[in-house]
$ cat work_10.pdb   # PDB, C-alpha atoms
ATOM      1  CA  MET A   1      31.066  34.588  30.992  1.00  0.00           C
ATOM      2  CA  ALA A   2      31.846  32.749  34.223  1.00  0.00           C
ATOM      3  CA  SER A   3      29.062  31.160  36.215  1.00  0.00           C
ATOM      4  CA  SER A   4      28.070  32.727  39.509  1.00  0.00           C
ATOM      5  CA  GLU A   5      28.020  29.175  40.887  1.00  0.00           C
ATOM      6  CA  PRO A   6      31.600  27.853  41.044  1.00  0.00           C
ATOM      7  CA  ILE A   7      30.392  24.265  41.564  1.00  0.00           C
ATOM      8  CA  VAL A   8      28.664  24.344  38.157  1.00  0.00           C
ATOM      9  CA  ASP A   9      31.903  25.334  36.427  1.00  0.00           C
ATOM     10  CA  GLU A  10      33.869  22.748  38.430  1.00  0.00           C
ATOM     11  CA  ILE A  11      31.498  19.946  37.432  1.00  0.00           C
ATOM     12  CA  ARG A  12      31.670  21.024  33.790  1.00  0.00           C
ATOM     13  CA  ILE A  13      35.482  21.006  33.886  1.00  0.00           C
ATOM     14  CA  HIS A  14      35.593  17.560  35.495  1.00  0.00           C
ATOM     15  CA  SER A  15      32.962  16.208  33.092  1.00  0.00           C
ATOM     16  CA  ARG A  16      34.963  17.372  30.070  1.00  0.00           C
ATOM     17  CA  LYS A  17      38.132  15.830  31.487  1.00  0.00           C
ATOM     18  CA  MET A  18      36.350  12.494  32.005  1.00  0.00           C
ATOM     19  CA  VAL A  19      35.004  12.561  28.457  1.00  0.00           C
ATOM     20  CA  ARG A  20      38.516  13.136  27.089  1.00  0.00           C
ATOM     21  CA  GLU A  21      40.198  10.568  29.349  1.00  0.00           C
ATOM     22  CA  LEU A  22      37.616   7.909  28.507  1.00  0.00           C
ATOM     23  CA  GLY A  23      38.318   8.449  24.809  1.00  0.00           C
ATOM     24  CA  PHE A  24      35.015   9.966  23.666  1.00  0.00           C
ATOM     25  CA  THR A  25      36.765  12.753  21.762  1.00  0.00           C
ATOM     26  CA  GLY A  26      39.436  10.819  19.898  1.00  0.00           C
ATOM     27  CA  ARG A  27      40.098   7.541  18.238  1.00  0.00           C
ATOM     28  CA  GLY A  28      40.306   4.210  19.937  1.00  0.00           C
ATOM     29  CA  PHE A  29      37.195   4.447  22.110  1.00  0.00           C
ATOM     30  CA  ALA A  30      37.030   1.422  24.436  1.00  0.00           C
ATOM     31  CA  GLY A  31      40.040  -0.085  22.663  1.00  0.00           C
ATOM     32  CA  THR A  32      38.212  -0.250  19.322  1.00  0.00           C
ATOM     33  CA  ASP A  33      38.029   1.751  16.124  1.00  0.00           C
ATOM     34  CA  LEU A  34      34.260   2.130  16.652  1.00  0.00           C
ATOM     35  CA  SER A  35      32.383   5.313  17.456  1.00  0.00           C
ATOM     36  CA  PRO A  36      31.216   5.730  21.052  1.00  0.00           C
ATOM     37  CA  SER A  37      27.594   5.313  19.929  1.00  0.00           C
ATOM     38  CA  SER A  38      28.417   2.004  18.211  1.00  0.00           C
ATOM     39  CA  VAL A  39      30.178   0.738  21.329  1.00  0.00           C
ATOM     40  CA  HIS A  40      27.212   1.740  23.470  1.00  0.00           C
ATOM     41  CA  ALA A  41      24.793   0.111  21.007  1.00  0.00           C
ATOM     42  CA  LEU A  42      26.700  -3.181  21.256  1.00  0.00           C
ATOM     43  CA  LEU A  43      26.564  -2.972  25.050  1.00  0.00           C
ATOM     44  CA  GLU A  44      22.796  -2.326  24.931  1.00  0.00           C
ATOM     45  CA  ILE A  45      22.255  -5.248  22.542  1.00  0.00           C
ATOM     46  CA  GLU A  46      24.264  -7.480  24.893  1.00  0.00           C
ATOM     47  CA  LYS A  47      21.499  -6.999  27.507  1.00  0.00           C
ATOM     48  CA  GLY A  48      19.094  -8.925  25.262  1.00  0.00           C
ATOM     49  CA  ASP A  49      15.566  -8.443  23.908  1.00  0.00           C
ATOM     50  CA  VAL A  50      16.387  -5.143  22.180  1.00  0.00           C
ATOM     51  CA  ALA A  51      14.966  -3.458  19.072  1.00  0.00           C
ATOM     52  CA  ALA A  52      16.312  -0.463  17.144  1.00  0.00           C
ATOM     53  CA  ARG A  53      13.768   1.782  18.886  1.00  0.00           C
ATOM     54  CA  ASP A  54      15.240   0.745  22.256  1.00  0.00           C
ATOM     55  CA  ILE A  55      18.744   1.659  21.075  1.00  0.00           C
ATOM     56  CA  GLY A  56      17.527   5.081  19.932  1.00  0.00           C
ATOM     57  CA  ASN A  57      15.836   5.727  23.272  1.00  0.00           C
ATOM     58  CA  ALA A  58      18.804   4.563  25.336  1.00  0.00           C
ATOM     59  CA  LEU A  59      21.369   6.550  23.333  1.00  0.00           C
ATOM     60  CA  HIS A  60      19.164   9.599  22.601  1.00  0.00           C
ATOM     61  CA  MET A  61      19.610   9.112  18.847  1.00  0.00           C
ATOM     62  CA  ASP A  62      17.189   9.701  15.985  1.00  0.00           C
ATOM     63  CA  LYS A  63      15.798   6.795  13.994  1.00  0.00           C
ATOM     64  CA  SER A  64      17.865   7.354  10.830  1.00  0.00           C
ATOM     65  CA  SER A  65      21.166   7.594  12.747  1.00  0.00           C
ATOM     66  CA  VAL A  66      20.356   4.393  14.635  1.00  0.00           C
ATOM     67  CA  SER A  67      19.449   2.663  11.388  1.00  0.00           C
ATOM     68  CA  ARG A  68      22.757   3.624   9.699  1.00  0.00           C
ATOM     69  CA  MET A  69      24.781   2.620  12.757  1.00  0.00           C
ATOM     70  CA  LEU A  70      23.029  -0.740  13.106  1.00  0.00           C
ATOM     71  CA  ARG A  71      23.475  -1.454   9.399  1.00  0.00           C
ATOM     72  CA  LYS A  72      27.259  -1.047   9.860  1.00  0.00           C
ATOM     73  CA  LEU A  73      27.252  -3.351  12.898  1.00  0.00           C
ATOM     74  CA  ILE A  74      25.215  -5.946  10.987  1.00  0.00           C
ATOM     75  CA  ASN A  75      27.506  -5.690   7.946  1.00  0.00           C
ATOM     76  CA  ALA A  76      30.527  -6.108  10.229  1.00  0.00           C
ATOM     77  CA  GLY A  77      29.015  -9.399  11.387  1.00  0.00           C
ATOM     78  CA  TRP A  78      28.580  -8.379  15.032  1.00  0.00           C
ATOM     79  CA  VAL A  79      24.797  -7.995  15.152  1.00  0.00           C
ATOM     80  CA  SER A  80      21.935 -10.019  13.703  1.00  0.00           C
ATOM     81  CA  GLU A  81      18.308  -9.043  13.428  1.00  0.00           C
ATOM     82  CA  ASP A  82      15.382 -11.415  13.625  1.00  0.00           C
ATOM     83  CA  PRO A  83      11.653 -10.789  13.137  1.00  0.00           C
ATOM     84  CA  GLY A  84       9.776 -10.078  16.345  1.00  0.00           C
ATOM     85  CA  GLU A  85       7.415 -12.726  17.654  1.00  0.00           C
ATOM     86  CA  ILE A  86       4.408 -10.392  17.781  1.00  0.00           C
ATOM     87  CA  ASP A  87       5.207  -7.944  14.960  1.00  0.00           C
ATOM     88  CA  ASN A  88       7.511  -8.996  12.100  1.00  0.00           C
ATOM     89  CA  ARG A  89       8.249  -5.344  11.321  1.00  0.00           C
ATOM     90  CA  VAL A  90      10.013  -4.953  14.680  1.00  0.00           C
ATOM     91  CA  LYS A  91      13.380  -6.667  14.363  1.00  0.00           C
ATOM     92  CA  ARG A  92      14.924  -8.043  17.537  1.00  0.00           C
ATOM     93  CA  LEU A  93      18.674  -7.444  17.710  1.00  0.00           C
ATOM     94  CA  SER A  94      21.212  -9.877  19.087  1.00  0.00           C
ATOM     95  CA  LEU A  95      24.966 -10.293  19.114  1.00  0.00           C
ATOM     96  CA  THR A  96      26.537 -12.850  16.821  1.00  0.00           C
ATOM     97  CA  SER A  97      29.457 -14.951  18.061  1.00  0.00           C
ATOM     98  CA  ALA A  98      31.817 -12.338  16.598  1.00  0.00           C
ATOM     99  CA  GLY A  99      29.766  -9.606  18.293  1.00  0.00           C
ATOM    100  CA  LYS A 100      30.022 -11.372  21.646  1.00  0.00           C
ATOM    101  CA  ARG A 101      33.806 -11.544  21.247  1.00  0.00           C
ATOM    102  CA  GLN A 102      33.920  -7.825  20.352  1.00  0.00           C
ATOM    103  CA  VAL A 103      31.801  -6.920  23.398  1.00  0.00           C
ATOM    104  CA  GLY A 104      34.011  -9.141  25.552  1.00  0.00           C
ATOM    105  CA  GLN A 105      37.049  -7.151  24.392  1.00  0.00           C
ATOM    106  CA  ILE A 106      35.235  -3.864  25.029  1.00  0.00           C
ATOM    107  CA  ASN A 107      34.253  -4.952  28.548  1.00  0.00           C
ATOM    108  CA  HIS A 108      37.770  -6.184  29.301  1.00  0.00           C
ATOM    109  CA  PHE A 109      39.295  -2.889  28.117  1.00  0.00           C
ATOM    110  CA  ALA A 110      36.779  -0.772  30.058  1.00  0.00           C
ATOM    111  CA  ARG A 111      37.148  -2.792  33.265  1.00  0.00           C
ATOM    112  CA  GLN A 112      40.927  -2.508  33.046  1.00  0.00           C
ATOM    113  CA  GLN A 113      40.673   1.227  32.409  1.00  0.00           C
ATOM    114  CA  VAL A 114      38.510   1.702  35.514  1.00  0.00           C
ATOM    115  CA  ARG A 115      40.585  -0.716  37.607  1.00  0.00           C
ATOM    116  CA  THR A 116      43.799   1.145  36.767  1.00  0.00           C
ATOM    117  CA  ALA A 117      42.256   4.475  37.741  1.00  0.00           C
ATOM    118  CA  ILE A 118      40.604   3.393  40.996  1.00  0.00           C
ATOM    119  CA  GLU A 119      43.764   1.639  42.212  1.00  0.00           C
ATOM    120  CA  ARG A 120      44.986   5.169  42.915  1.00  0.00           C
ATOM    121  CA  LEU A 121      42.059   5.740  45.294  1.00  0.00           C
ATOM    122  CA  THR A 122      41.309   4.506  48.782  1.00  0.00           C
ATOM    123  CA  PRO A 123      38.323   2.152  49.225  1.00  0.00           C
ATOM    124  CA  GLU A 124      36.337   5.052  50.717  1.00  0.00           C
ATOM    125  CA  GLN A 125      37.157   7.294  47.744  1.00  0.00           C
ATOM    126  CA  ARG A 126      36.084   4.519  45.342  1.00  0.00           C
ATOM    127  CA  HIS A 127      32.627   4.440  46.942  1.00  0.00           C
ATOM    128  CA  ILE A 128      32.421   8.230  46.866  1.00  0.00           C
ATOM    129  CA  VAL A 129      33.238   8.214  43.143  1.00  0.00           C
ATOM    130  CA  SER A 130      30.759   5.422  42.408  1.00  0.00           C
ATOM    131  CA  ASN A 131      27.939   7.060  44.343  1.00  0.00           C
ATOM    132  CA  GLY A 132      28.735  10.491  42.911  1.00  0.00           C
ATOM    133  CA  LEU A 133      28.674   9.226  39.329  1.00  0.00           C
ATOM    134  CA  ARG A 134      25.410   7.363  39.970  1.00  0.00           C
ATOM    135  CA  LEU A 135      23.752  10.427  41.490  1.00  0.00           C
ATOM    136  CA  TYR A 136      25.020  12.759  38.781  1.00  0.00           C
ATOM    137  CA  GLY A 137      23.910  10.364  36.019  1.00  0.00           C
ATOM    138  CA  GLU A 138      20.444  10.063  37.559  1.00  0.00           C
ATOM    139  CA  ALA A 139      20.157  13.845  37.867  1.00  0.00           C
ATOM    140  CA  LEU A 140      21.178  14.321  34.231  1.00  0.00           C
ATOM    141  CA  ALA A 141      18.640  11.714  33.109  1.00  0.00           C
ATOM    142  CA  GLN A 142      15.878  13.546  34.976  1.00  0.00           C
ATOM    143  CA  THR A 143      16.659  16.793  33.165  1.00  0.00           C
ATOM    144  CA  GLN A 144      16.325  15.076  29.794  1.00  0.00           C
ATOM    145  CA  ALA A 145      13.232  13.007  30.509  1.00  0.00           C
ATOM    146  CA  PRO A 146      10.320  14.086  28.343  1.00  0.00           C
ATOM    147  CA  ALA A 147       7.127  15.150  30.045  1.00  0.00           C
ATOM    148  CA  ALA A 148       4.793  12.241  30.628  1.00  0.00           C
ATOM    149  CA  ILE A 149       1.889  12.110  28.206  1.00  0.00           C
ATOM    150  CA  SER A 150      -1.289  10.383  29.195  1.00  0.00           C
ATOM    151  CA  ILE A 151      -4.023   9.522  26.700  1.00  0.00           C
ATOM    152  CA  GLN A 152      -7.433   9.147  28.258  1.00  0.00           C
ATOM    153  CA  SER A 153     -10.754   8.400  26.653  1.00  0.00           C
ATOM    154  CA  GLY A 154     -14.062  10.022  27.381  1.00  0.00           C
ATOM    155  CA  TYR A 155     -15.029  13.479  28.491  1.00  0.00           C
ATOM    156  CA  ARG A 156     -12.986  15.307  31.117  1.00  0.00           C
ATOM    157  CA  PRO A 157     -14.208  18.562  32.679  1.00  0.00           C
ATOM    158  CA  GLY A 158     -12.445  21.515  31.077  1.00  0.00           C
ATOM    159  CA  ILE A 159     -11.209  19.578  28.028  1.00  0.00           C
ATOM    160  CA  MET A 160     -13.217  21.609  25.499  1.00  0.00           C
ATOM    161  CA  ALA A 161     -11.917  24.850  26.981  1.00  0.00           C
ATOM    162  CA  ARG A 162      -8.354  23.496  26.839  1.00  0.00           C
ATOM    163  CA  ILE A 163      -8.705  22.426  23.196  1.00  0.00           C
ATOM    164  CA  THR A 164     -10.123  25.862  22.347  1.00  0.00           C
ATOM    165  CA  GLU A 165      -7.262  27.548  24.217  1.00  0.00           C
ATOM    166  CA  LEU A 166      -4.563  25.497  22.472  1.00  0.00           C
ATOM    167  CA  HIS A 167      -6.065  26.198  19.038  1.00  0.00           C
ATOM    168  CA  ALA A 168      -6.492  29.899  19.776  1.00  0.00           C
ATOM    169  CA  LEU A 169      -2.924  30.308  21.056  1.00  0.00           C
ATOM    170  CA  PHE A 170      -1.353  28.378  18.195  1.00  0.00           C
ATOM    171  CA  TYR A 171      -3.288  30.114  15.409  1.00  0.00           C
ATOM    172  CA  ALA A 172      -2.905  33.541  16.990  1.00  0.00           C
ATOM    173  CA  ARG A 173       0.861  33.025  17.015  1.00  0.00           C
ATOM    174  CA  THR A 174       1.226  31.409  13.585  1.00  0.00           C
ATOM    175  CA  ALA A 175      -1.566  32.988  11.554  1.00  0.00           C
ATOM    176  CA  GLY A 176      -2.629  36.080  13.474  1.00  0.00           C
ATOM    177  CA  PHE A 177      -6.146  34.757  14.118  1.00  0.00           C
ATOM    178  CA  GLY A 178      -8.108  36.392  16.931  1.00  0.00           C
ATOM    179  CA  GLN A 179     -11.356  36.196  18.842  1.00  0.00           C
ATOM    180  CA  ALA A 180     -13.474  35.328  15.796  1.00  0.00           C
ATOM    181  CA  PHE A 181     -11.452  32.158  15.196  1.00  0.00           C
ATOM    182  CA  GLU A 182     -11.544  31.228  18.880  1.00  0.00           C
ATOM    183  CA  SER A 183     -15.356  31.648  18.887  1.00  0.00           C
ATOM    184  CA  VAL A 184     -15.694  29.368  15.861  1.00  0.00           C
ATOM    185  CA  VAL A 185     -13.548  26.671  17.508  1.00  0.00           C
ATOM    186  CA  ALA A 186     -15.458  26.950  20.793  1.00  0.00           C
ATOM    187  CA  GLY A 187     -18.800  26.801  18.986  1.00  0.00           C
ATOM    188  CA  GLY A 188     -17.769  23.755  16.994  1.00  0.00           C
ATOM    189  CA  LEU A 189     -16.610  21.967  20.118  1.00  0.00           C
ATOM    190  CA  ALA A 190     -19.820  22.885  21.950  1.00  0.00           C
ATOM    191  CA  GLU A 191     -21.873  21.345  19.105  1.00  0.00           C
ATOM    192  CA  PHE A 192     -19.637  18.269  19.103  1.00  0.00           C
ATOM    193  CA  GLY A 193     -20.084  17.764  22.880  1.00  0.00           C
TER     194      GLY A 193
END
$ encode --input "work_10.pdb" --output "structure tokens"
Amino acid sequence: MASSEPIVDEIRIHSRKMVRELGFTGRGFAGTDLSPSSVHALLEIEKGDVAARDIGNALHMDKSSVSRMLRKLINAGWVSEDPGEIDNRVKRLSLTSAGKRQVGQINHFARQQVRTAIERLTPEQRHIVSNGLRLYGEALAQTQAPAAISIQSGYRPGIMARITELHALFYARTAGFGQAFESVVAGGLAEFG
């Protein structure tokens, strides 16, 4: 079914073409035999002071996928992990000498790829493309940002009613509980307060 907004379909078409042209769908991404996520992980590690959790957040990957990917990069000799200064369980990631050479090759390939493409554009068009990609990337990031969660201590007006409401809604939906359950929760919270 076609979109009623032609610009949406146009952006989707152009986005897919960029993904294909940049090599995300085939072999040889960034001039390597690595997966796009591995290439991006190496580029994130190059920034410095990075842990596995940071890689997962940056690449929108789950913990187990990040762990498997990093293990391959470590086994390949491109990444090393060292105990964190504050918490030994948090390993800090860094590029080895071989990893720095690999990232250098990736950066060289990517810069050449972009340079070759933008040589076909006027200086004004280059700025339009750069600004457009920046704006589009920022807009996409905003749509995927999780809602901010704030943990506060102490009593807040309305908090007992909200806790009662959340319990009542959840258990009504999952267990069929009704007013009797809600009254029990509210009573318990009132005694607690």
$ closest_residue --input "work_10.pdb" --among "A:Arg101, A:His40, A:Arg111, A:Arg134" --to "A:His60" --atoms "all atoms listed in the file"
A:His40
$ closest_residue --input "work_10.pdb" --among "A:Ala52, A:Ala117, A:Ile151, A:Val185" --to "A:Ser64" --atoms "all atoms listed in the file"
A:Ala52
$ residues_around --input "work_10.pdb" --residues "A:Ala51" --least-positions-apart "5" --cutoff "7 Å" --atoms "only C-alpha atoms" --output "list of chain:residue names"
A:Val90, A:Lys91, A:Arg92, A:Leu93
$ atom_distance --input "work_10.pdb" --atom1 "atom CA of A:Leu22" --atom2 "atom CA of A:Gln113"
8.3 Å
$ closest_residue --input "work_10.pdb" --among "A:His127, A:Arg89, A:Leu70, A:Ala110" --to "A:Gly23" --atoms "all atoms listed in the file"
A:Ala110
$ atom_distance --input "work_10.pdb" --atom1 "atom CA of A:Ala161" --atom2 "atom CA of A:Glu182"
10.3 Å
$ resolve_selection --input "work_10.pdb" --expression "the PyMOL selection byres ((chain A and resi 46) around 9)" --output "short mmCIF file (atom, residue, chain, number, x, y, z; two decimals) with C-alpha atoms, in the coordinates of the input"
data_model
loop_
_atom_site.label_atom_id
_atom_site.label_comp_id
_atom_site.auth_asym_id
_atom_site.auth_seq_id
_atom_site.Cartn_x
_atom_site.Cartn_y
_atom_site.Cartn_z
CA ALA A 41 24.79 0.11 21.01
CA LEU A 42 26.70 -3.18 21.26
CA LEU A 43 26.56 -2.97 25.05
CA GLU A 44 22.80 -2.33 24.93
CA ILE A 45 22.26 -5.25 22.54
CA LYS A 47 21.50 -7.00 27.51
CA GLY A 48 19.09 -8.93 25.26
CA ASP A 49 15.57 -8.44 23.91
CA VAL A 50 16.39 -5.14 22.18
CA SER A 94 21.21 -9.88 19.09
CA LEU A 95 24.97 -10.29 19.11
CA GLY A 99 29.77 -9.61 18.29
CA LYS A 100 30.02 -11.37 21.65
CA VAL A 103 31.80 -6.92 23.40
#
$ atom_distance --input "work_10.pdb" --atom1 "atom CA of A:Thr143" --atom2 "atom CA of A:Glu21"
24.6 Å
$ closest_residue --input "work_10.pdb" --among "A:Met69, A:Gln102, A:Ser150, A:Ala30" --to "A:Ile55" --atoms "all atoms listed in the file"
A:Met69
$ resolve_selection --input "work_10.pdb" --expression "the PyMOL selection byres ((chain A and resi 76) around 12)" --output "list in words"
Leu34, Ser38, Met69, Leu70, Arg71, Lys72, Leu73, Ile74, Asn75, Gly77, Trp78, Val79, Ser80, Leu95, Thr96, Ser97, Ala98, Gly99 and Gln102 of chain A
